[in-house]
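Have a look at query-v4.cif; it's mmCIF, C-alpha atoms:
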data_start
#
loop_
_atom_site.group_PDB
_atom_site.id
_atom_site.type_symbol
_atom_site.label_atom_id
_atom_site.label_comp_id
_atom_site.auth_asym_id
_atom_site.auth_seq_id
_atom_site.Cartn_x
_atom_site.Cartn_y
_atom_site.Cartn_z
ATOM 1 C CA MET A 262 -38.175 24.963 -110.542
ATOM 2 C CA TYR A 263 -36.690 24.840 -114.023
ATOM 3 C CA ASN A 264 -37.358 22.181 -116.636
ATOM 4 C CA LEU A 265 -34.703 21.539 -119.246
ATOM 5 C CA PHE A 266 -35.452 19.668 -122.451
ATOM 6 C CA TYR A 267 -32.252 17.741 -122.793
ATOM 7 C CA ALA A 268 -30.112 15.426 -124.887
ATOM 8 C CA ASP A 269 -26.538 14.271 -124.385
ATOM 9 C CA GLY A 270 -24.124 15.728 -126.907
ATOM 10 C CA SER A 271 -26.199 18.879 -127.318
ATOM 11 C CA ALA A 272 -25.906 22.434 -126.049
ATOM 12 C CA ALA A 273 -28.364 21.447 -123.327
ATOM 13 C CA GLN A 274 -25.410 19.959 -121.462
ATOM 14 C CA GLY A 275 -23.857 23.409 -121.145
ATOM 15 C CA VAL A 276 -27.108 24.799 -119.761
ATOM 16 C CA ARG A 277 -27.275 21.943 -117.278
ATOM 17 C CA VAL A 278 -23.780 22.803 -116.033
ATOM 18 C CA ILE A 279 -24.932 26.381 -115.453
ATOM 19 C CA LEU A 280 -27.966 25.136 -113.514
ATOM 20 C CA GLU A 281 -25.637 23.011 -111.372
ATOM 21 C CA GLU A 282 -23.315 25.965 -110.779
ATOM 22 C CA ILE A 283 -26.242 28.151 -109.752
ATOM 23 C CA GLY A 284 -27.492 25.439 -107.412
ATOM 24 C CA VAL A 285 -31.176 25.575 -108.341
ATOM 25 C CA THR A 286 -33.686 22.761 -108.563
ATOM 26 C CA TYR A 287 -34.284 21.526 -112.079
ATOM 27 C CA GLN A 288 -35.771 18.587 -113.927
ATOM 28 C CA LEU A 289 -34.440 17.060 -117.134
ATOM 29 C CA ILE A 290 -36.974 16.175 -119.810
ATOM 30 C CA GLN A 291 -35.385 13.750 -122.234
ATOM 31 C CA SER A 292 -35.408 14.774 -125.869
ATOM 32 C CA THR A 293 -33.138 14.020 -128.828
ATOM 33 C CA ILE A 294 -30.841 15.622 -131.369
ATOM 34 C CA ASP A 295 -32.129 13.214 -134.013
ATOM 35 C CA MET A 296 -34.329 15.463 -136.127
ATOM 36 C CA SER A 297 -36.078 12.430 -137.637
ATOM 37 C CA ALA A 298 -37.215 11.231 -134.199
ATOM 38 C CA PRO A 299 -40.226 12.570 -132.310
ATOM 39 C CA ARG A 300 -39.631 15.293 -129.747
ATOM 40 C CA PRO A 301 -41.826 16.175 -126.777
ATOM 41 C CA PRO A 302 -44.824 18.286 -127.851
ATOM 42 C CA ALA A 303 -44.167 20.744 -125.026
ATOM 43 C CA GLN A 304 -40.678 21.335 -126.433
ATOM 44 C CA LEU A 305 -42.002 21.937 -129.945
ATOM 45 C CA ALA A 306 -44.613 24.341 -128.608
ATOM 46 C CA ILE A 307 -41.774 26.622 -127.442
ATOM 47 C CA ASN A 308 -39.206 25.879 -130.128
ATOM 48 C CA PRO A 309 -40.840 24.730 -133.370
ATOM 49 C CA ASN A 310 -37.343 24.160 -134.801
ATOM 50 C CA GLY A 311 -37.222 21.052 -132.632
ATOM 51 C CA TRP A 312 -33.798 21.772 -131.147
ATOM 52 C CA VAL A 313 -32.563 21.655 -127.579
ATOM 53 C CA PRO A 314 -31.960 23.250 -125.159
ATOM 54 C CA VAL A 315 -35.379 24.516 -124.225
ATOM 55 C CA LEU A 316 -35.781 25.904 -120.714
ATOM 56 C CA THR A 317 -39.118 26.374 -118.946
ATOM 57 C CA TRP A 318 -40.099 27.849 -115.597
ATOM 58 C CA GLY A 319 -43.667 28.369 -114.476
ATOM 59 C CA ASP A 320 -45.701 29.114 -117.585
ATOM 60 C CA LYS A 321 -42.760 30.634 -119.472
ATOM 61 C CA GLY A 322 -40.100 29.138 -121.725
ATOM 62 C CA MET A 323 -37.270 30.000 -124.077
ATOM 63 C CA TYR A 324 -34.704 28.480 -126.398
ATOM 64 C CA GLU A 325 -31.224 29.297 -127.814
ATOM 65 C CA CYS A 326 -28.302 28.305 -125.601
ATOM 66 C CA ALA A 327 -26.596 31.711 -125.538
ATOM 67 C CA ALA A 328 -29.858 33.468 -124.655
ATOM 68 C CA ILE A 329 -30.605 30.956 -121.893
ATOM 69 C CA THR A 330 -27.073 31.445 -120.565
ATOM 70 C CA VAL A 331 -27.493 35.224 -120.265
ATOM 71 C CA PHE A 332 -30.982 34.810 -118.779
ATOM 72 C CA LEU A 333 -29.861 32.410 -116.051
ATOM 73 C CA CYS A 334 -26.773 34.425 -115.180
ATOM 74 C CA ASP A 335 -28.789 37.625 -114.847
ATOM 75 C CA ARG A 336 -31.620 35.940 -112.958
ATOM 76 C CA HIS A 337 -29.174 34.445 -110.450
ATOM 77 C CA PRO A 338 -26.492 37.091 -109.893
ATOM 78 C CA GLU A 339 -25.527 35.454 -106.598
ATOM 79 C CA ALA A 340 -23.799 32.709 -108.623
ATOM 80 C CA LYS A 341 -21.451 35.327 -110.107
ATOM 81 C CA LEU A 342 -21.326 33.615 -113.487
ATOM 82 C CA ALA A 343 -21.511 36.870 -115.452
ATOM 83 C CA PRO A 344 -20.482 40.497 -115.048
ATOM 84 C CA SER A 345 -23.359 42.790 -114.191
ATOM 85 C CA ILE A 346 -24.583 45.235 -116.802
ATOM 86 C CA ASP A 347 -22.439 48.041 -115.356
ATOM 87 C CA GLU A 348 -19.184 46.084 -115.066
ATOM 88 C CA PRO A 349 -16.423 46.668 -117.644
ATOM 89 C CA GLN A 350 -16.278 42.979 -118.634
ATOM 90 C CA ARG A 351 -19.973 42.857 -119.552
ATOM 91 C CA SER A 352 -19.333 43.802 -123.173
ATOM 92 C CA LEU A 353 -16.702 41.071 -123.621
ATOM 93 C CA PHE A 354 -19.001 38.559 -121.943
ATOM 94 C CA LEU A 355 -21.809 39.278 -124.410
ATOM 95 C CA GLN A 356 -19.488 39.568 -127.404
ATOM 96 C CA THR A 357 -17.916 36.175 -126.750
ATOM 97 C CA LEU A 358 -21.218 34.378 -126.179
ATOM 98 C CA VAL A 359 -22.627 35.751 -129.417
ATOM 99 C CA TYR A 360 -19.434 34.857 -131.295
ATOM 100 C CA PHE A 361 -19.623 31.319 -129.926
ATOM 101 C CA SER A 362 -23.271 31.073 -130.981
ATOM 102 C CA ASN A 363 -23.108 32.814 -134.353
ATOM 103 C CA SER A 364 -19.654 31.886 -135.615
ATOM 104 C CA VAL A 365 -18.219 28.824 -133.858
ATOM 105 C CA GLN A 366 -21.512 26.946 -133.695
ATOM 106 C CA THR A 367 -22.292 27.788 -137.306
ATOM 107 C CA ALA A 368 -18.937 26.293 -138.290
ATOM 108 C CA PHE A 369 -19.896 23.092 -136.477
ATOM 109 C CA GLN A 370 -23.287 23.062 -138.166
ATOM 110 C CA THR A 371 -21.717 23.505 -141.590
ATOM 111 C CA ASN A 372 -19.668 20.369 -141.022
ATOM 112 C CA TYR A 373 -22.233 18.256 -139.172
ATOM 113 C CA TYR A 374 -25.321 19.366 -141.114
ATOM 114 C CA PRO A 375 -24.128 20.450 -144.582
ATOM 115 C CA ASP A 376 -27.593 19.915 -146.071
ATOM 116 C CA ARG A 377 -28.708 23.081 -144.272
ATOM 117 C CA PHE A 378 -26.281 25.184 -146.287
ATOM 118 C CA VAL A 379 -26.331 23.807 -149.838
ATOM 119 C CA ASP A 380 -28.884 22.993 -152.515
ATOM 120 C CA THR A 381 -27.735 19.530 -153.579
ATOM 121 C CA CYS A 382 -26.176 16.444 -152.021
ATOM 122 C CA ALA A 383 -23.234 16.812 -154.384
ATOM 123 C CA GLU A 384 -22.307 20.093 -152.723
ATOM 124 C CA GLU A 385 -22.343 18.744 -149.184
ATOM 125 C CA PRO A 386 -18.687 17.574 -149.053
ATOM 126 C CA SER A 387 -17.573 21.083 -150.028
ATOM 127 C CA ALA A 388 -19.671 22.572 -147.218
ATOM 128 C CA GLN A 389 -18.206 20.085 -144.762
ATOM 129 C CA ARG A 390 -14.664 21.039 -145.751
ATOM 130 C CA ARG A 391 -15.519 24.707 -145.405
ATOM 131 C CA GLY A 392 -16.909 24.000 -141.943
ATOM 132 C CA ILE A 393 -13.600 22.479 -140.892
ATOM 133 C CA ARG A 394 -11.666 25.464 -142.203
ATOM 134 C CA ARG A 395 -14.067 27.773 -140.423
ATOM 135 C CA LEU A 396 -13.594 25.880 -137.163
ATOM 136 C CA ARG A 397 -9.883 26.566 -137.357
ATOM 137 C CA GLU A 398 -10.503 30.221 -138.161
ATOM 138 C CA THR A 399 -12.954 30.809 -135.325
ATOM 139 C CA TRP A 400 -11.068 28.884 -132.648
ATOM 140 C CA LYS A 401 -7.918 30.786 -133.588
ATOM 141 C CA VAL A 402 -9.764 34.042 -132.930
ATOM 142 C CA ILE A 403 -10.855 32.822 -129.494
ATOM 143 C CA ASP A 404 -7.379 31.530 -128.679
ATOM 144 C CA GLY A 405 -5.913 34.932 -129.507
ATOM 145 C CA GLN A 406 -8.571 36.708 -127.485
ATOM 146 C CA ILE A 407 -7.776 34.631 -124.405
ATOM 147 C CA ALA A 408 -4.018 35.231 -124.697
ATOM 148 C CA GLU A 409 -2.499 35.000 -121.200
ATOM 149 C CA ASN A 410 -5.807 35.329 -119.339
ATOM 150 C CA LYS A 411 -6.554 32.795 -116.624
ATOM 151 C CA TRP A 412 -10.150 32.613 -117.881
ATOM 152 C CA VAL A 413 -11.824 33.996 -120.996
ATOM 153 C CA LEU A 414 -12.759 37.239 -119.213
ATOM 154 C CA GLY A 415 -9.487 37.530 -117.328
ATOM 155 C CA GLU A 416 -9.131 36.503 -113.681
ATOM 156 C CA ARG A 417 -12.818 35.773 -113.299
ATOM 157 C CA PHE A 418 -14.482 32.439 -114.041
ATOM 158 C CA SER A 419 -17.786 32.854 -115.874
ATOM 159 C CA ALA A 420 -20.433 31.099 -117.920
ATOM 160 C CA VAL A 421 -18.368 31.904 -121.021
ATOM 161 C CA ASP A 422 -15.780 29.381 -119.841
ATOM 162 C CA ILE A 423 -18.501 26.752 -119.492
ATOM 163 C CA TYR A 424 -19.687 27.550 -122.997
ATOM 164 C CA LEU A 425 -16.133 27.228 -124.324
ATOM 165 C CA PHE A 426 -15.750 23.799 -122.740
ATOM 166 C CA MET A 427 -19.087 22.663 -124.153
ATOM 167 C CA LEU A 428 -18.017 23.619 -127.673
ATOM 168 C CA THR A 429 -14.677 21.822 -127.385
ATOM 169 C CA THR A 430 -16.522 18.559 -126.680
ATOM 170 C CA TRP A 431 -17.990 18.763 -130.173
ATOM 171 C CA LEU A 432 -14.583 18.710 -131.864
ATOM 172 C CA ALA A 433 -14.204 15.366 -133.651
ATOM 173 C CA PRO A 434 -10.743 14.608 -135.083
ATOM 174 C CA SER A 435 -12.302 11.642 -136.890
ATOM 175 C CA ARG A 436 -14.166 14.190 -139.028
ATOM 176 C CA GLY A 437 -11.031 16.200 -139.705
ATOM 177 C CA HIS A 438 -11.742 18.785 -137.032
ATOM 178 C CA PRO A 439 -8.818 20.523 -135.351
ATOM 179 C CA THR A 440 -8.025 19.454 -131.796
ATOM 180 C CA THR A 441 -7.534 21.790 -128.871
ATOM 181 C CA ASP A 442 -3.789 21.093 -129.160
ATOM 182 C CA GLU A 443 -3.819 23.671 -131.967
ATOM 183 C CA PHE A 444 -5.222 26.285 -129.585
ATOM 184 C CA PRO A 445 -3.214 26.116 -126.348
ATOM 185 C CA ASN A 446 -5.117 28.880 -124.559
ATOM 186 C CA VAL A 447 -8.451 27.268 -125.364
ATOM 187 C CA MET A 448 -7.108 23.890 -124.232
ATOM 188 C CA ARG A 449 -5.826 25.342 -120.956
ATOM 189 C CA ILE A 450 -9.204 26.807 -120.062
ATOM 190 C CA ALA A 451 -11.143 23.730 -121.206
ATOM 191 C CA GLU A 452 -9.001 21.533 -118.970
ATOM 192 C CA ALA A 453 -9.544 23.873 -116.008
ATOM 193 C CA VAL A 454 -13.310 23.891 -116.548
ATOM 194 C CA MET A 455 -13.362 20.102 -116.799
ATOM 195 C CA SER A 456 -12.138 19.802 -113.202
ATOM 196 C CA ARG A 457 -15.210 21.551 -111.788
ATOM 197 C CA PRO A 458 -17.685 19.260 -109.968
ATOM 198 C CA SER A 459 -20.596 20.469 -112.104
ATOM 199 C CA VAL A 460 -18.788 19.471 -115.301
ATOM 200 C CA GLN A 461 -17.605 16.176 -113.850
ATOM 201 C CA LEU A 462 -21.257 15.357 -113.144
ATOM 202 C CA VAL A 463 -22.830 16.486 -116.415
ATOM 203 C CA TYR A 464 -20.036 15.320 -118.721
ATOM 204 C CA SER A 465 -19.039 12.147 -116.855
ATOM 205 C CA ASP A 466 -19.623 9.881 -119.858
ATOM 206 C CA TRP A 467 -17.802 12.214 -122.257
ATOM 207 C CA ILE A 468 -14.876 12.595 -119.860
ATOM 208 C CA ALA A 469 -14.595 8.830 -119.405
ATOM 209 C CA ALA A 470 -14.546 8.314 -123.160
ATOM 210 C CA ASN A 471 -12.161 11.137 -124.020
ATOM 211 C CA THR A 472 -9.509 11.271 -121.331
ATOM 212 C CA ASN A 473 -6.551 9.038 -120.740
ATOM 213 C CA PRO A 474 -6.941 7.232 -117.385
ATOM 214 C CA GLU A 475 -3.162 7.154 -117.001
ATOM 215 C CA MET A 476 -2.910 10.939 -117.116
#

Full structure transcribed into structure tokens:
Amino acid sequence: MYNLFYADGSAAQGVRVILEEIGVTYQLIQSTIDMSAPRPPAQLAINPNGWVPVLTWGDKGMYECAAITVFLCDRHPEAKLAPSIDEPQRSLFLQTLVYFSNSVQTAFQTNYYPDRFVDTCAEEPSAQRRGIRRLRETWKVIDGQIAENKWVLGERFSAVDIYLFMLTTWLAPSRGHPTTDEFPNVMRIAEAVMSRPSVQLVYSDWIAANTNPEM
């Protein structure tokens, strides 16, 4: 059985969707994204940064959402959430996950947590503005990569599509972020992912708060 240190609004939600898609038994261990609040000692023992997700199984554990995604997909190939190492789409699968993690998520962090990137409080608004510009830059790259594909990798649904949806839920127009309307290919895939039962379960509160009931 897997244990997932978890908090709503975090990347742990994406990992939970993958666990649902795989169909394995797992337990959620409640944590927080509030870095000033206490986190479970067992979580900190694996990830001293204090962030979620953290995944454990048996006496082993790991952190970093993209790494956990690859690990689960490779450990459960029957779920067909990732190309195998010998398939042509494997390189694009890995490239996109790393781009999401290194570039898109860093853009979010720059806007949400500017203190991590500057020396003084006075510089934080500049970092936040740069984060917004970087969000537009990185999502535009992904939108162009998708082009006319049904899913990010082409005709095949994968964990990359789940990861894309997860990231779109962090876009906050109230903070000046772009909306998915600016990236029609991203929006198309995010909407398709949202219809999956696993996403409806894990993101039920977010969906209720962010979709128009008349649509």

message: Every residue with an atom at most 8 Å from (-13.2, 22.3, -140.0) (file coordinates; only C-alpha atoms) is what I'm after, so could you write them as an MDAnalysis selection string?
response: chainID A and resid 368:369 372 389:397 437:439

Put the listed atoms of stretch 397-408 of chain A in a box along x, y and z with 8 Å added on every side and give me the centre and edge lengths in Å to one decimal, as lines of an AutoDock Vina configuration file.
center_x = -8.5
center_y = 31.6
center_z = -131.3
size_x = 24.9
size_y = 26.1
size_z = 29.8

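Of the listed residues (A:Glu443, A:Glu385, A:Glu282, A:Asp335), A:Glu443 comes nearest to A:Trp400; the distances count all atoms listed in the file.
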
task: Report the residues retrieved by the PyMOL selection byres ((chain A and resi 327) around 9) from the displayed file, expressed as a VMD selection string.
output: chain A and resid 324 to 326 328 to 332 358 to 359 361 to 362 424

query: Got a sec: who's within 6 Å of stretch 291-307 of chain A, counting only C-alpha atoms, leaving out chain neighbours fewer than 4 positions off, as a PyMOL selection string?
result: chain A and resi 266-268+311

task: Find the residues near A:Tyr287: any atom within 9 Å, counting only C-alpha atoms, skip ones fewer than 4 places away on the same chain, and give them as a PyMOL selection string.
output: chain A and resi 262-265+277+280-281

field: Expected selection from the PyMOL selection byres ((chain A and resi 446-451) around 10), given as number ranges by chain
entry: A: 400-401, 403-413, 418, 422-430, 440-445, 452-456

- prompt: Do you have the atom CA of A:Ala433-atom CA of A:Trp467 distance handy?
  reply: 12.4 Å

task: Grab the atom CA of A:Leu353 to atom CA of A:Thr286 distance for me, in Å with one decimal place.
output: 29.2 Å

Result set, the PyMOL selection byres ((chain A and resi 351) around 12) on current file, as a compact mmCIF listing (two decimals) with C-alpha atoms, in the coordinates of the input:
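out-v9.txt was written with the following content:
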# COMPACT_ATOMS: atom_id res chain seq x y z
CA VAL A 331 -27.49 35.22 -120.26
CA CYS A 334 -26.77 34.42 -115.18
CA ASP A 335 -28.79 37.62 -114.85
CA LEU A 342 -21.33 33.62 -113.49
CA ALA A 343 -21.51 36.87 -115.45
CA PRO A 344 -20.48 40.50 -115.05
CA SER A 345 -23.36 42.79 -114.19
CA ILE A 346 -24.58 45.24 -116.80
CA ASP A 347 -22.44 48.04 -115.36
CA GLU A 348 -19.18 46.08 -115.07
CA PRO A 349 -16.42 46.67 -117.64
CA GLN A 350 -16.28 42.98 -118.63
CA SER A 352 -19.33 43.80 -123.17
CA LEU A 353 -16.70 41.07 -123.62
CA PHE A 354 -19.00 38.56 -121.94
CA LEU A 355 -21.81 39.28 -124.41
CA GLN A 356 -19.49 39.57 -127.40
CA THR A 357 -17.92 36.17 -126.75
CA LEU A 358 -21.22 34.38 -126.18
CA LEU A 414 -12.76 37.24 -119.21
CA GLY A 415 -9.49 37.53 -117.33
CA ARG A 417 -12.82 35.77 -113.30
CA SER A 419 -17.79 32.85 -115.87
CA ALA A 420 -20.43 31.10 -117.92
CA VAL A 421 -18.37 31.90 -121.02

message: List the spatial neighbours of A:Tyr464 as a PyMOL selection string - criterion: any atom at most 9 Å away, all atoms listed in the file, same-chain residues fewer than 6 positions off excluded.
response: chain A and resi 269+274+278+455

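Atom to atom, atom CA of A:Ser435 and atom CA of A:Tyr374 stand 15.7 Å apart.
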
Nearest residue to A:Leu333 from the set A:Ile283, A:Leu432, A:Gln370, A:Gly319 (distances using all atoms listed in the file): A:Ile283

Limit the output to N, CA and C atoms and give stretch 344-382 of chain A as a PDB file, in the first residue's frame.
ATOM      1  N   PRO A 344       4.626   5.904 -21.863  1.00  0.00           N
ATOM      2  CA  PRO A 344       5.300   5.033 -22.831  1.00  0.00           C
ATOM      3  C   PRO A 344       6.425   4.266 -22.142  1.00  0.00           C
ATOM      4  N   SER A 345       6.653   3.059 -22.558  1.00  0.00           N
ATOM      5  CA  SER A 345       7.774   2.295 -22.021  1.00  0.00           C
ATOM      6  C   SER A 345       9.082   2.890 -22.517  1.00  0.00           C
ATOM      7  N   ILE A 346      10.169   2.461 -21.931  1.00  0.00           N
ATOM      8  CA  ILE A 346      11.471   3.059 -22.226  1.00  0.00           C
ATOM      9  C   ILE A 346      11.867   2.904 -23.690  1.00  0.00           C
ATOM     10  N   ASP A 347      11.316   1.908 -24.374  1.00  0.00           N
ATOM     11  CA  ASP A 347      11.690   1.659 -25.768  1.00  0.00           C
ATOM     12  C   ASP A 347      10.716   2.275 -26.772  1.00  0.00           C
ATOM     13  N   GLU A 348       9.645   2.886 -26.289  1.00  0.00           N
ATOM     14  CA  GLU A 348       8.661   3.466 -27.207  1.00  0.00           C
ATOM     15  C   GLU A 348       9.102   4.850 -27.676  1.00  0.00           C
ATOM     16  N   PRO A 349       8.759   5.220 -28.911  1.00  0.00           N
ATOM     17  CA  PRO A 349       9.201   6.508 -29.456  1.00  0.00           C
ATOM     18  C   PRO A 349       8.750   7.721 -28.646  1.00  0.00           C
ATOM     19  N   GLN A 350       7.592   7.629 -27.984  1.00  0.00           N
ATOM     20  CA  GLN A 350       7.065   8.782 -27.249  1.00  0.00           C
ATOM     21  C   GLN A 350       7.692   8.973 -25.868  1.00  0.00           C
ATOM     22  N   ARG A 351       8.562   8.034 -25.485  1.00  0.00           N
ATOM     23  CA  ARG A 351       9.166   8.106 -24.145  1.00  0.00           C
ATOM     24  C   ARG A 351       9.944   9.410 -23.954  1.00  0.00           C
ATOM     25  N   SER A 352      10.679   9.813 -24.952  1.00  0.00           N
ATOM     26  CA  SER A 352      11.496  11.027 -24.814  1.00  0.00           C
ATOM     27  C   SER A 352      10.618  12.258 -24.619  1.00  0.00           C
ATOM     28  N   LEU A 353       9.505  12.350 -25.360  1.00  0.00           N
ATOM     29  CA  LEU A 353       8.605  13.490 -25.211  1.00  0.00           C
ATOM     30  C   LEU A 353       7.913  13.465 -23.855  1.00  0.00           C
ATOM     31  N   PHE A 354       7.581  12.276 -23.390  1.00  0.00           N
ATOM     32  CA  PHE A 354       6.978  12.111 -22.071  1.00  0.00           C
ATOM     33  C   PHE A 354       7.894  12.693 -20.986  1.00  0.00           C
ATOM     34  N   LEU A 355       9.156  12.288 -21.004  1.00  0.00           N
ATOM     35  CA  LEU A 355      10.103  12.767 -20.001  1.00  0.00           C
ATOM     36  C   LEU A 355      10.390  14.251 -20.172  1.00  0.00           C
ATOM     37  N   GLN A 356      10.577  14.677 -21.412  1.00  0.00           N
ATOM     38  CA  GLN A 356      10.862  16.089 -21.679  1.00  0.00           C
ATOM     39  C   GLN A 356       9.762  16.990 -21.137  1.00  0.00           C
ATOM     40  N   THR A 357       8.511  16.606 -21.371  1.00  0.00           N
ATOM     41  CA  THR A 357       7.394  17.456 -20.964  1.00  0.00           C
ATOM     42  C   THR A 357       7.246  17.488 -19.450  1.00  0.00           C
ATOM     43  N   LEU A 358       7.402  16.345 -18.792  1.00  0.00           N
ATOM     44  CA  LEU A 358       7.328  16.327 -17.334  1.00  0.00           C
ATOM     45  C   LEU A 358       8.398  17.216 -16.713  1.00  0.00           C
ATOM     46  N   VAL A 359       9.609  17.132 -17.228  1.00  0.00           N
ATOM     47  CA  VAL A 359      10.692  17.942 -16.678  1.00  0.00           C
ATOM     48  C   VAL A 359      10.454  19.420 -16.971  1.00  0.00           C
ATOM     49  N   TYR A 360       9.926  19.738 -18.147  1.00  0.00           N
ATOM     50  CA  TYR A 360       9.613  21.132 -18.462  1.00  0.00           C
ATOM     51  C   TYR A 360       8.528  21.664 -17.530  1.00  0.00           C
ATOM     52  N   PHE A 361       7.495  20.849 -17.298  1.00  0.00           N
ATOM     53  CA  PHE A 361       6.461  21.247 -16.344  1.00  0.00           C
ATOM     54  C   PHE A 361       7.084  21.538 -14.973  1.00  0.00           C
ATOM     55  N   SER A 362       7.950  20.638 -14.520  1.00  0.00           N
ATOM     56  CA  SER A 362       8.528  20.751 -13.188  1.00  0.00           C
ATOM     57  C   SER A 362       9.526  21.898 -13.081  1.00  0.00           C
ATOM     58  N   ASN A 363      10.412  22.002 -14.071  1.00  0.00           N
ATOM     59  CA  ASN A 363      11.505  22.973 -13.983  1.00  0.00           C
ATOM     60  C   ASN A 363      11.124  24.374 -14.445  1.00  0.00           C
ATOM     61  N   SER A 364      10.247  24.468 -15.424  1.00  0.00           N
ATOM     62  CA  SER A 364       9.949  25.766 -16.023  1.00  0.00           C
ATOM     63  C   SER A 364       8.577  26.307 -15.613  1.00  0.00           C
ATOM     64  N   VAL A 365       7.517  25.534 -15.840  1.00  0.00           N
ATOM     65  CA  VAL A 365       6.180  26.032 -15.521  1.00  0.00           C
ATOM     66  C   VAL A 365       6.014  26.184 -14.010  1.00  0.00           C
ATOM     67  N   GLN A 366       6.432  25.182 -13.254  1.00  0.00           N
ATOM     68  CA  GLN A 366       6.275  25.278 -11.804  1.00  0.00           C
ATOM     69  C   GLN A 366       7.170  26.367 -11.205  1.00  0.00           C
ATOM     70  N   THR A 367       8.324  26.571 -11.770  1.00  0.00           N
ATOM     71  CA  THR A 367       9.176  27.658 -11.286  1.00  0.00           C
ATOM     72  C   THR A 367       8.532  29.012 -11.543  1.00  0.00           C
ATOM     73  N   ALA A 368       7.837  29.149 -12.666  1.00  0.00           N
ATOM     74  CA  ALA A 368       7.116  30.394 -12.939  1.00  0.00           C
ATOM     75  C   ALA A 368       6.032  30.628 -11.889  1.00  0.00           C
ATOM     76  N   PHE A 369       5.308  29.567 -11.533  1.00  0.00           N
ATOM     77  CA  PHE A 369       4.316  29.701 -10.463  1.00  0.00           C
ATOM     78  C   PHE A 369       4.981  30.102  -9.147  1.00  0.00           C
ATOM     79  N   GLN A 370       6.088  29.449  -8.817  1.00  0.00           N
ATOM     80  CA  GLN A 370       6.760  29.755  -7.568  1.00  0.00           C
ATOM     81  C   GLN A 370       7.230  31.205  -7.523  1.00  0.00           C
ATOM     82  N   THR A 371       7.720  31.705  -8.656  1.00  0.00           N
ATOM     83  CA  THR A 371       8.203  33.077  -8.695  1.00  0.00           C
ATOM     84  C   THR A 371       7.094  34.059  -8.364  1.00  0.00           C
ATOM     85  N   ASN A 372       5.868  33.733  -8.797  1.00  0.00           N
ATOM     86  CA  ASN A 372       4.743  34.610  -8.502  1.00  0.00           C
ATOM     87  C   ASN A 372       4.180  34.390  -7.103  1.00  0.00           C
ATOM     88  N   TYR A 373       4.036  33.122  -6.705  1.00  0.00           N
ATOM     89  CA  TYR A 373       3.427  32.830  -5.410  1.00  0.00           C
ATOM     90  C   TYR A 373       4.397  33.011  -4.244  1.00  0.00           C
ATOM     91  N   TYR A 374       5.679  32.743  -4.481  1.00  0.00           N
ATOM     92  CA  TYR A 374       6.674  32.788  -3.410  1.00  0.00           C
ATOM     93  C   TYR A 374       7.872  33.634  -3.840  1.00  0.00           C
ATOM     94  N   PRO A 375       7.669  34.924  -4.090  1.00  0.00           N
ATOM     95  CA  PRO A 375       8.765  35.752  -4.618  1.00  0.00           C
ATOM     96  C   PRO A 375       9.939  35.876  -3.659  1.00  0.00           C
ATOM     97  N   ASP A 376       9.694  35.683  -2.363  1.00  0.00           N
ATOM     98  CA  ASP A 376      10.779  35.801  -1.385  1.00  0.00           C
ATOM     99  C   ASP A 376      11.874  34.769  -1.598  1.00  0.00           C
ATOM    100  N   ARG A 377      11.552  33.687  -2.326  1.00  0.00           N
ATOM    101  CA  ARG A 377      12.553  32.658  -2.600  1.00  0.00           C
ATOM    102  C   ARG A 377      13.551  33.088  -3.678  1.00  0.00           C
ATOM    103  N   PHE A 378      13.239  34.169  -4.376  1.00  0.00           N
ATOM    104  CA  PHE A 378      14.015  34.524  -5.559  1.00  0.00           C
ATOM    105  C   PHE A 378      14.695  35.887  -5.470  1.00  0.00           C
ATOM    106  N   VAL A 379      14.400  36.643  -4.413  1.00  0.00           N
ATOM    107  CA  VAL A 379      14.984  37.985  -4.297  1.00  0.00           C
ATOM    108  C   VAL A 379      15.553  38.185  -2.893  1.00  0.00           C
ATOM    109  N   ASP A 380      16.360  39.235  -2.761  1.00  0.00           N
ATOM    110  CA  ASP A 380      17.024  39.496  -1.486  1.00  0.00           C
ATOM    111  C   ASP A 380      16.200  40.338  -0.521  1.00  0.00           C
ATOM    112  N   THR A 381      15.356  41.218  -1.068  1.00  0.00           N
ATOM    113  CA  THR A 381      14.627  42.152  -0.201  1.00  0.00           C
ATOM    114  C   THR A 381      13.141  42.147  -0.524  1.00  0.00           C
ATOM    115  N   CYS A 382      12.344  42.555   0.435  1.00  0.00           N
ATOM    116  CA  CYS A 382      10.893  42.642   0.239  1.00  0.00           C
ATOM    117  C   CYS A 382      10.550  43.623  -0.881  1.00  0.00           C
TER     118      CYS A 382
END
